[in-house]
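Engineer: Contents of entry_19.cif (mmCIF, C-alpha atoms) are given next:
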```
data_model
#
loop_
_atom_site.label_atom_id
_atom_site.label_comp_id
_atom_site.auth_asym_id
_atom_site.auth_seq_id
_atom_site.Cartn_x
_atom_site.Cartn_y
_atom_site.Cartn_z
CA LEU N 35 -20.56 -16.87 26.35
CA GLU N 36 -21.08 -18.02 22.76
CA ARG N 37 -24.83 -17.41 23.04
CA GLN N 38 -24.21 -13.94 24.46
CA LEU N 39 -21.93 -13.07 21.55
CA GLN N 40 -24.60 -14.17 19.07
CA ARG N 41 -27.23 -11.79 20.45
CA PRO N 42 -28.29 -9.10 17.89
CA GLU N 43 -27.49 -6.18 20.20
CA VAL N 44 -24.01 -7.55 20.91
CA ILE N 45 -23.35 -8.03 17.18
CA ALA N 46 -24.60 -4.48 16.53
CA ILE N 47 -22.26 -3.07 19.18
CA VAL N 48 -19.29 -5.00 17.76
CA VAL N 49 -20.04 -3.83 14.21
CA THR N 50 -20.49 -0.23 15.38
CA VAL N 51 -17.22 -0.26 17.32
CA ALA N 52 -15.42 -1.82 14.34
CA CYS N 53 -16.78 0.88 11.99
CA VAL N 54 -15.83 3.66 14.40
CA LEU N 55 -12.31 2.26 14.75
CA LEU N 56 -12.04 1.97 10.96
CA VAL N 57 -13.07 5.60 10.49
CA ILE N 58 -10.65 6.73 13.20
CA GLY N 59 -7.88 4.66 11.61
CA LEU N 60 -8.52 6.19 8.17
CA ALA N 61 -8.65 9.69 9.65
CA LEU N 62 -5.34 9.15 11.45
CA PHE N 63 -3.82 7.75 8.24
CA VAL N 64 -4.88 10.85 6.28
CA LEU N 65 -3.68 13.19 9.02
CA SER N 66 -0.34 11.39 9.22
CA ILE N 67 0.26 11.93 5.50
CA ILE N 68 -0.72 15.60 5.70
CA GLY N 69 1.37 15.99 8.84
CA ARG N 70 4.43 14.41 7.24
CA GLY N 71 4.21 16.70 4.23
CA GLY N 72 3.51 19.70 6.44
CA LEU N 73 6.46 18.85 8.68
CA ILE N 74 8.89 18.66 5.76
CA GLY N 75 7.49 21.81 4.17
CA GLY N 76 7.40 23.64 7.50
CA ILE N 77 11.03 22.82 8.18
CA ARG N 78 11.99 24.12 4.74
CA LEU N 79 9.97 27.33 5.26
CA ALA N 80 11.48 27.84 8.69
CA ASP N 81 14.96 27.40 7.25
CA ASP N 82 14.25 29.89 4.45
CA ASN N 83 12.27 32.49 6.42
CA GLY N 84 13.45 31.97 9.99
CA LYS N 85 9.93 31.10 11.16
CA VAL N 86 6.81 29.26 10.05
CA ALA N 87 3.17 29.31 11.14
CA PHE N 88 1.14 26.16 11.67
CA GLY N 89 -1.27 27.20 8.91
CA GLU N 90 1.57 27.54 6.41
CA ALA N 91 2.93 24.07 7.21
CA TRP N 92 -0.58 22.58 7.14
CA ALA N 93 -1.23 24.15 3.73
CA VAL N 94 1.94 22.54 2.37
CA GLY N 95 0.82 19.16 3.71
CA VAL N 96 -2.65 19.48 2.17
CA ARG N 97 -1.23 20.67 -1.16
CA ASN N 98 1.04 17.64 -1.43
CA PHE N 99 -1.40 15.11 0.04
CA TRP N 100 -2.21 13.12 -3.10
CA ARG N 101 1.40 12.73 -4.18
CA MET N 102 2.46 11.77 -0.66
CA LEU N 103 -0.43 9.30 -0.63
CA GLY N 104 0.89 7.86 -3.91
CA ILE N 105 4.18 7.00 -2.23
CA GLN N 106 2.38 5.27 0.63
CA LEU N 107 0.17 3.33 -1.79
CA ILE N 108 3.23 2.08 -3.68
CA LEU N 109 4.72 0.80 -0.42
CA LEU N 110 1.36 -0.71 0.59
CA LEU N 111 0.95 -2.41 -2.79
CA ALA N 112 4.48 -3.83 -2.58
CA GLY N 113 3.77 -5.12 0.92
CA LEU N 114 0.48 -6.71 -0.17
CA LEU N 115 2.12 -8.41 -3.15
CA ILE N 116 4.90 -9.81 -1.00
CA GLY N 117 2.40 -10.89 1.65
CA SER N 118 0.28 -12.63 -0.99
CA PHE N 119 3.35 -14.35 -2.38
CA GLY N 120 4.26 -15.45 1.15
CA LEU N 121 0.78 -16.91 1.66
CA LEU N 122 1.00 -18.66 -1.72
CA THR N 123 4.42 -20.01 -0.75
CA GLY N 124 3.00 -21.46 2.44
CA LEU N 125 0.05 -23.07 0.64
CA ILE N 126 2.27 -24.56 -2.07
CA GLY N 127 4.72 -25.76 0.57
CA ALA N 128 1.91 -27.49 2.46
CA ALA N 129 0.49 -29.03 -0.73
CA THR N 130 3.89 -30.33 -1.92
CA LEU N 131 5.05 -31.52 1.53
CA GLY N 132 7.70 -28.81 1.74
CA LEU N 133 9.19 -29.17 -1.74
CA GLY N 134 7.56 -26.00 -3.05
CA LEU N 135 8.61 -24.16 0.11
CA VAL N 136 12.26 -24.99 -0.55
CA CYS N 137 11.98 -23.60 -4.09
CA LEU N 138 9.96 -20.48 -3.32
CA LEU N 139 11.36 -19.46 0.07
CA PRO N 140 14.58 -17.92 -1.36
CA ILE N 141 12.47 -15.81 -3.75
CA LEU N 142 10.30 -14.68 -0.84
CA CYS N 143 13.38 -13.69 1.18
CA VAL N 144 14.70 -11.64 -1.75
CA LEU N 145 11.34 -9.88 -2.12
CA VAL N 146 11.19 -9.08 1.60
CA LEU N 147 14.73 -7.69 1.50
CA ALA N 148 13.77 -5.63 -1.57
CA LEU N 149 11.30 -3.73 0.62
CA ILE N 150 14.22 -2.17 2.51
CA PRO N 151 15.72 -0.19 -0.40
CA LEU N 152 12.20 0.62 -1.64
CA SER N 153 11.33 2.08 1.78
CA ILE N 154 14.55 4.08 1.78
CA LEU N 155 13.80 5.45 -1.70
CA ALA N 156 10.26 6.30 -0.59
CA HIS N 157 11.72 8.17 2.39
CA PHE N 158 13.84 10.35 0.09
CA ALA N 159 11.03 10.65 -2.47
CA GLN N 160 8.94 12.50 0.13
CA PHE N 161 11.50 15.29 0.18
CA GLY N 162 11.46 15.42 -3.63
CA ILE N 163 7.69 15.91 -3.60
CA VAL N 164 7.56 18.60 -0.91
CA VAL N 165 10.86 20.42 -1.42
CA ASP N 166 11.22 20.13 -5.22
CA ASN N 167 7.50 19.88 -6.13
CA LEU N 168 8.04 16.69 -8.15
CA GLY N 169 5.58 14.00 -9.20
CA VAL N 170 5.62 10.59 -7.55
CA MET N 171 7.82 8.77 -10.07
CA ASP N 172 10.09 11.79 -10.57
CA ALA N 173 10.46 11.99 -6.80
CA PHE N 174 11.52 8.33 -6.69
CA ARG N 175 14.10 9.02 -9.42
CA LYS N 176 15.33 12.09 -7.53
CA GLY N 177 15.57 9.99 -4.37
CA TRP N 178 17.65 7.42 -6.22
CA HIS N 179 20.03 10.09 -7.57
CA VAL N 180 20.41 11.67 -4.12
CA LEU N 181 21.01 8.30 -2.51
CA LYS N 182 23.53 7.21 -5.15
CA ALA N 183 25.46 10.51 -5.09
CA ASN N 184 25.62 10.79 -1.29
CA LEU N 185 25.65 7.16 -0.13
CA GLY N 186 28.52 7.54 2.37
CA PRO N 187 27.21 10.63 4.21
CA ILE N 188 23.67 9.21 4.17
CA ILE N 189 24.82 5.96 5.80
CA ILE N 190 26.78 7.84 8.46
CA LEU N 191 23.84 10.16 9.18
CA ALA N 192 21.42 7.22 9.30
CA ILE N 193 23.63 5.35 11.79
CA ILE N 194 23.87 8.43 14.03
CA LEU N 195 20.10 8.98 13.94
CA VAL N 196 19.34 5.30 14.57
CA ILE N 197 21.63 5.26 17.62
CA ILE N 198 20.02 8.43 18.97
CA ALA N 199 16.53 7.02 18.29
CA ILE N 200 17.36 3.76 20.11
CA VAL N 201 18.75 5.57 23.15
CA ALA N 202 15.82 8.00 23.23
CA GLY N 203 13.37 5.13 22.75
CA LEU N 204 14.81 3.24 25.69
CA VAL N 205 14.53 6.37 27.83
CA LEU N 206 10.90 6.82 26.81
CA VAL N 207 10.02 3.15 27.36
CA ALA N 208 11.68 2.88 30.78
CA PRO N 209 8.83 4.66 32.64
CA PHE N 210 6.29 2.39 30.92
CA VAL N 211 8.16 -0.62 32.31
CA GLY N 212 8.15 0.94 35.78
CA ILE N 213 4.41 1.53 35.49
CA VAL N 214 3.45 -1.90 34.12
CA LEU N 215 5.63 -4.07 36.39
CA PRO N 216 3.69 -3.29 39.61
CA ALA N 217 0.39 -4.13 37.89
CA MET N 218 1.83 -7.41 36.59
CA ALA N 219 3.18 -8.19 40.04
CA ALA N 220 -0.29 -7.62 41.53
CA PHE N 221 -1.76 -10.27 39.20
CA ILE N 222 1.12 -12.71 39.63
CA LEU N 223 1.17 -12.55 43.44
CA ASN N 224 -2.59 -12.88 43.78
CA PRO N 225 -4.34 -13.78 40.50
CA GLU N 226 -7.76 -14.16 42.11
CA ARG N 227 -7.73 -10.94 44.14
CA PRO N 228 -5.09 -8.57 42.78
CA ASN N 229 -4.32 -5.37 44.68
CA ILE N 230 -6.92 -2.92 43.33
CA GLY N 231 -5.07 0.11 44.67
CA LEU N 232 -1.92 -0.94 42.86
CA LEU N 233 -3.82 -1.46 39.61
CA ILE N 234 -5.56 1.92 39.89
CA GLY N 235 -2.25 3.61 40.69
CA SER N 236 -0.58 2.01 37.66
CA GLY N 237 -3.50 3.00 35.44
CA LEU N 238 -3.40 6.62 36.60
CA ALA N 239 0.38 6.74 36.17
CA LEU N 240 -0.02 5.37 32.64
CA LEU N 241 -2.64 8.00 31.77
CA CYS N 242 -0.38 10.74 33.14
CA TYR N 243 2.77 9.60 31.36
CA LEU N 244 1.19 8.70 28.00
CA PRO N 245 0.69 12.35 26.86
CA ILE N 246 4.25 13.15 27.95
CA ALA N 247 5.61 10.21 25.96
CA ILE N 248 3.59 11.25 22.90
CA VAL N 249 4.91 14.83 23.08
CA LEU N 250 8.52 13.71 23.58
CA GLY N 251 8.20 11.16 20.76
CA SER N 252 6.78 13.86 18.49
CA ILE N 253 9.69 16.16 19.31
CA LEU N 254 12.13 13.38 18.47
CA GLN N 255 10.33 12.66 15.18
CA THR N 256 10.27 16.38 14.28
CA TRP N 257 13.97 16.71 15.00
CA SER N 258 14.79 13.62 12.92
CA ASN N 259 12.75 14.91 9.97
CA SER N 260 14.42 18.30 10.34
CA VAL N 261 17.85 16.70 10.08
CA TRP N 262 16.93 14.75 6.93
CA THR N 263 15.17 17.70 5.30
CA LEU N 264 18.03 20.12 5.88
CA ALA N 265 20.63 17.50 4.93
#
```
Now, as a test, write the supplied structure out as structure tokens.

Structural biologist:
Amino acid sequence: LERQLQRPEVIAIVVTVACVLLVIGLALFVLSIIGRGGLIGGIRLADDNGKVAFGEAWAVGVRNFWRMLGIQLILLLAGLLIGSFGLLTGLIGAATLGLGLVCLLPILCVLVLALIPLSILAHFAQFGIVVDNLGVMDAFRKGWHVLKANLGPIIILAIILVIIAIVAGLVLVAPFVGIVLPAMAAFILNPERPNIGLLIGSGLALLCYLPIAIVLGSILQTWSNSVWTLA
């Protein structure tokens, strides 16, 4: 197997697949940012005008792309810094036989916890960019003012939406469990010769349900963003 993996054609295929996946990942990342801005802007336009076309919402997302990207880059940079500090903590802990870990671990925990309010501020900053046409830092300041002035209602709304999301998520996941369990049972009962018909049936059921789950999940996400935008 090791010799097969070292063959030039196999390496070329692996590199090609990795590059294709990287391009697809970047494209999805860009589309997700445009889509998020377009969703917020589209909801605002629909609330103001009673309707909105896809092109109008898409134009809002494209127009605010770089500022929305700035918010994501701030979160990414914070995550990378905390991850690097965590790696450094582990290395120092190993080099000092755990003494450095004891000293640095509380700082790491504080930094990880700091990501939570930063993520919340970033969530509200998105609305500042799209709805109020603010810059990245101004949007963060606007998010902080909104959060500070409406902390009670925001907490109550967040709790309600989290509960709804959990219940809806369980409903969406339940069919996946029903689809996967038979396939797992086929391997467990007969690892050497699993029931091919059962595996094919589970695979077809998964392919049929996956688009439904994506659509329902998108509806839930749209509704959640609508609630936050209008609130």

Engineer: Which one of N:Leu240, N:Gly59, N:Lys182, N:Pro216 sits closest to Pro151 (chain N) if you count all atoms listed in the file?

Structural biologist: N:Lys182

Engineer: Care to translate the PyMOL selection byres ((chain N and resi 255) around 12) into actual residues of this file, as a list in words?

Structural biologist: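 Selected by the PyMOL selection byres ((chain N and resi 255) around 12) here: Gly69, Arg70, Leu73, Ile74, Leu195, Val196, Ile198, Ala199, Ala202, Gly203, Ile248, Val249, Leu250, Gly251, Ser252, Ile253, Leu254, Thr256, Trp257, Ser258, Asn259, Ser260, Val261 and Trp262 of chain N.
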
Engineer: Mind giving me the straight-line distance from CA of Asp172 (chain N) to CA of Leu185 (chain N) in Å, one decimal?

Structural biologist: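 So the two atoms, CA of Asp172 (chain N) and CA of Leu185 (chain N), lie 19.3 Å apart.
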
Engineer: Within 9 Å of region 152-163 of chain N, counting only C-alpha atoms, which residues qualify if same-chain residues fewer than 6 places away don't, as a list of chain:residue names?

Structural biologist: N:Arg70, N:Gly71, N:Ile74, N:Gly75, N:Asn98, N:Arg101, N:Met102, N:Ile105, N:Gln106, N:Ile108, N:Leu109, N:Ala112, N:Gly169, N:Val170, N:Met171, N:Asp172, N:Ala173, N:Phe174, N:Arg175, N:Lys176, N:Gly177, N:Trp178, N:Val180, N:Leu181, N:Trp262, N:Thr263

Engineer: Keeping only C-alpha atoms, write the selected residues as an mmCIF file, in the coordinates of the input.

Structural biologist:
```
data_model
loop_
_atom_site.group_PDB
_atom_site.id
_atom_site.type_symbol
_atom_site.label_atom_id
_atom_site.label_comp_id
_atom_site.auth_asym_id
_atom_site.auth_seq_id
_atom_site.Cartn_x
_atom_site.Cartn_y
_atom_site.Cartn_z
ATOM 1 C CA ARG N 70 4.430 14.410 7.240
ATOM 2 C CA GLY N 71 4.210 16.700 4.230
ATOM 3 C CA ILE N 74 8.890 18.660 5.760
ATOM 4 C CA GLY N 75 7.490 21.810 4.170
ATOM 5 C CA ASN N 98 1.040 17.640 -1.430
ATOM 6 C CA ARG N 101 1.400 12.730 -4.180
ATOM 7 C CA MET N 102 2.460 11.770 -0.660
ATOM 8 C CA ILE N 105 4.180 7.000 -2.230
ATOM 9 C CA GLN N 106 2.380 5.270 0.630
ATOM 10 C CA ILE N 108 3.230 2.080 -3.680
ATOM 11 C CA LEU N 109 4.720 0.800 -0.420
ATOM 12 C CA ALA N 112 4.480 -3.830 -2.580
ATOM 13 C CA GLY N 169 5.580 14.000 -9.200
ATOM 14 C CA VAL N 170 5.620 10.590 -7.550
ATOM 15 C CA MET N 171 7.820 8.770 -10.070
ATOM 16 C CA ASP N 172 10.090 11.790 -10.570
ATOM 17 C CA ALA N 173 10.460 11.990 -6.800
ATOM 18 C CA PHE N 174 11.520 8.330 -6.690
ATOM 19 C CA ARG N 175 14.100 9.020 -9.420
ATOM 20 C CA LYS N 176 15.330 12.090 -7.530
ATOM 21 C CA GLY N 177 15.570 9.990 -4.370
ATOM 22 C CA TRP N 178 17.650 7.420 -6.220
ATOM 23 C CA VAL N 180 20.410 11.670 -4.120
ATOM 24 C CA LEU N 181 21.010 8.300 -2.510
ATOM 25 C CA TRP N 262 16.930 14.750 6.930
ATOM 26 C CA THR N 263 15.170 17.700 5.300
#
```

Engineer: Hey, can you check how far CA of Ala93 (chain N) sits from CA of Leu79 (chain N)?

Structural biologist: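 Those two atoms sit 11.7 Å apart.
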
Engineer: Hey, which of N:Leu115, N:Ala61, N:Ile193, N:Leu168 ends up closest to Leu145 (chain N)? Count all atoms listed in the file.

Structural biologist: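 Among the listed residues, the smallest separation from Leu145 (chain N) belongs to N:Leu115.
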
Engineer: For the structure provided, state which residues fall under the PyMOL selection byres ((chain N and resi 119) around 12), and present them as a list in words.

Structural biologist: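 Residues picked by the PyMOL selection byres ((chain N and resi 119) around 12): Ala112, Gly113, Leu114, Leu115, Ile116, Gly117, Ser118, Gly120, Leu121, Leu122, Thr123, Gly124, Leu125, Ile126, Gly127, Leu135, Leu138, Leu139, Pro140, Ile141, Leu142, Cys143, Val144, Leu145 and Val146 of chain N.
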
Engineer: Pick out the closest residue to Ser66 (chain N) from this set: N:Ile189, N:Met218, N:Leu204, N:Leu103. Count only C-alpha atoms.

Structural biologist: N:Leu103

Engineer: Complete the atoms of region 170-181 of chain N to all heavy atoms and put them out as a short mmCIF file (atom, residue, chain, number, x, y, z; two decimals), keeping the file's coordinate frame.

Structural biologist:
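Result file is selection26.cif:
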```
data_model
loop_
_atom_site.label_atom_id
_atom_site.label_comp_id
_atom_site.auth_asym_id
_atom_site.auth_seq_id
_atom_site.Cartn_x
_atom_site.Cartn_y
_atom_site.Cartn_z
N VAL N 170 5.25 11.77 -8.33
CA VAL N 170 5.62 10.59 -7.55
C VAL N 170 6.82 9.86 -8.17
O VAL N 170 7.83 9.61 -7.50
CB VAL N 170 4.42 9.62 -7.42
CG1 VAL N 170 4.86 8.34 -6.72
CG2 VAL N 170 3.30 10.29 -6.62
N MET N 171 6.73 9.52 -9.44
CA MET N 171 7.82 8.77 -10.07
C MET N 171 9.08 9.62 -10.20
O MET N 171 10.20 9.11 -10.02
CB MET N 171 7.38 8.25 -11.44
CG MET N 171 6.16 7.33 -11.38
SD MET N 171 6.26 6.05 -10.09
CE MET N 171 7.72 5.13 -10.61
N ASP N 172 8.92 10.91 -10.52
CA ASP N 172 10.09 11.79 -10.57
C ASP N 172 10.74 11.91 -9.20
O ASP N 172 11.97 12.00 -9.08
CB ASP N 172 9.68 13.18 -11.06
CG ASP N 172 9.36 13.20 -12.55
OD1 ASP N 172 9.89 12.31 -13.27
OD2 ASP N 172 8.59 14.07 -12.98
N ALA N 173 9.92 11.91 -8.16
CA ALA N 173 10.46 11.99 -6.80
C ALA N 173 11.25 10.72 -6.46
O ALA N 173 12.30 10.80 -5.79
CB ALA N 173 9.32 12.18 -5.79
N PHE N 174 10.76 9.56 -6.91
CA PHE N 174 11.52 8.33 -6.69
C PHE N 174 12.85 8.38 -7.43
O PHE N 174 13.89 7.96 -6.90
CB PHE N 174 10.71 7.11 -7.14
CG PHE N 174 9.87 6.51 -6.07
CD1 PHE N 174 8.51 6.78 -5.99
CD2 PHE N 174 10.43 5.66 -5.12
CE1 PHE N 174 7.73 6.23 -4.99
CE2 PHE N 174 9.66 5.10 -4.12
CZ PHE N 174 8.31 5.39 -4.05
N ARG N 175 12.83 8.90 -8.67
CA ARG N 175 14.10 9.02 -9.42
C ARG N 175 15.04 10.01 -8.75
O ARG N 175 16.25 9.76 -8.66
CB ARG N 175 13.79 9.46 -10.86
CG ARG N 175 13.27 8.33 -11.75
CD ARG N 175 13.22 8.75 -13.20
NE ARG N 175 12.07 9.61 -13.44
CZ ARG N 175 10.88 9.17 -13.82
NH1 ARG N 175 10.67 7.88 -14.00
NH2 ARG N 175 9.88 10.01 -14.03
N LYS N 176 14.49 11.12 -8.25
CA LYS N 176 15.33 12.09 -7.53
C LYS N 176 15.90 11.46 -6.26
O LYS N 176 17.08 11.66 -5.93
CB LYS N 176 14.49 13.32 -7.18
CG LYS N 176 15.22 14.36 -6.34
CD LYS N 176 16.33 15.02 -7.10
CE LYS N 176 17.03 16.09 -6.26
NZ LYS N 176 16.15 17.23 -5.94
N GLY N 177 15.08 10.68 -5.56
CA GLY N 177 15.57 9.99 -4.37
C GLY N 177 16.71 9.04 -4.68
O GLY N 177 17.69 8.95 -3.93
N TRP N 178 16.59 8.34 -5.81
CA TRP N 178 17.65 7.42 -6.22
C TRP N 178 18.94 8.17 -6.54
O TRP N 178 20.03 7.76 -6.13
CB TRP N 178 17.20 6.61 -7.42
CG TRP N 178 18.32 5.84 -8.06
CD1 TRP N 178 18.85 6.05 -9.31
CD2 TRP N 178 19.05 4.75 -7.51
NE1 TRP N 178 19.87 5.17 -9.57
CE2 TRP N 178 20.01 4.35 -8.47
CE3 TRP N 178 18.99 4.08 -6.30
CZ2 TRP N 178 20.90 3.31 -8.24
CZ3 TRP N 178 19.87 3.03 -6.07
CH2 TRP N 178 20.81 2.66 -7.03
N HIS N 179 18.84 9.30 -7.24
CA HIS N 179 20.03 10.09 -7.57
C HIS N 179 20.68 10.64 -6.31
O HIS N 179 21.91 10.63 -6.19
CB HIS N 179 19.65 11.23 -8.52
CG HIS N 179 19.28 10.76 -9.89
ND1 HIS N 179 20.02 9.84 -10.61
CD2 HIS N 179 18.22 11.09 -10.70
CE1 HIS N 179 19.47 9.62 -11.78
NE2 HIS N 179 18.36 10.36 -11.86
N VAL N 180 19.87 11.14 -5.38
CA VAL N 180 20.41 11.67 -4.12
C VAL N 180 21.10 10.57 -3.33
O VAL N 180 22.20 10.75 -2.79
CB VAL N 180 19.28 12.31 -3.28
CG1 VAL N 180 19.77 12.65 -1.88
CG2 VAL N 180 18.75 13.56 -3.97
N LEU N 181 20.44 9.41 -3.26
CA LEU N 181 21.01 8.30 -2.51
C LEU N 181 22.31 7.82 -3.13
O LEU N 181 23.31 7.57 -2.43
CB LEU N 181 19.99 7.15 -2.46
CG LEU N 181 20.36 5.91 -1.64
CD1 LEU N 181 20.51 6.28 -0.18
CD2 LEU N 181 19.31 4.83 -1.81
#
```
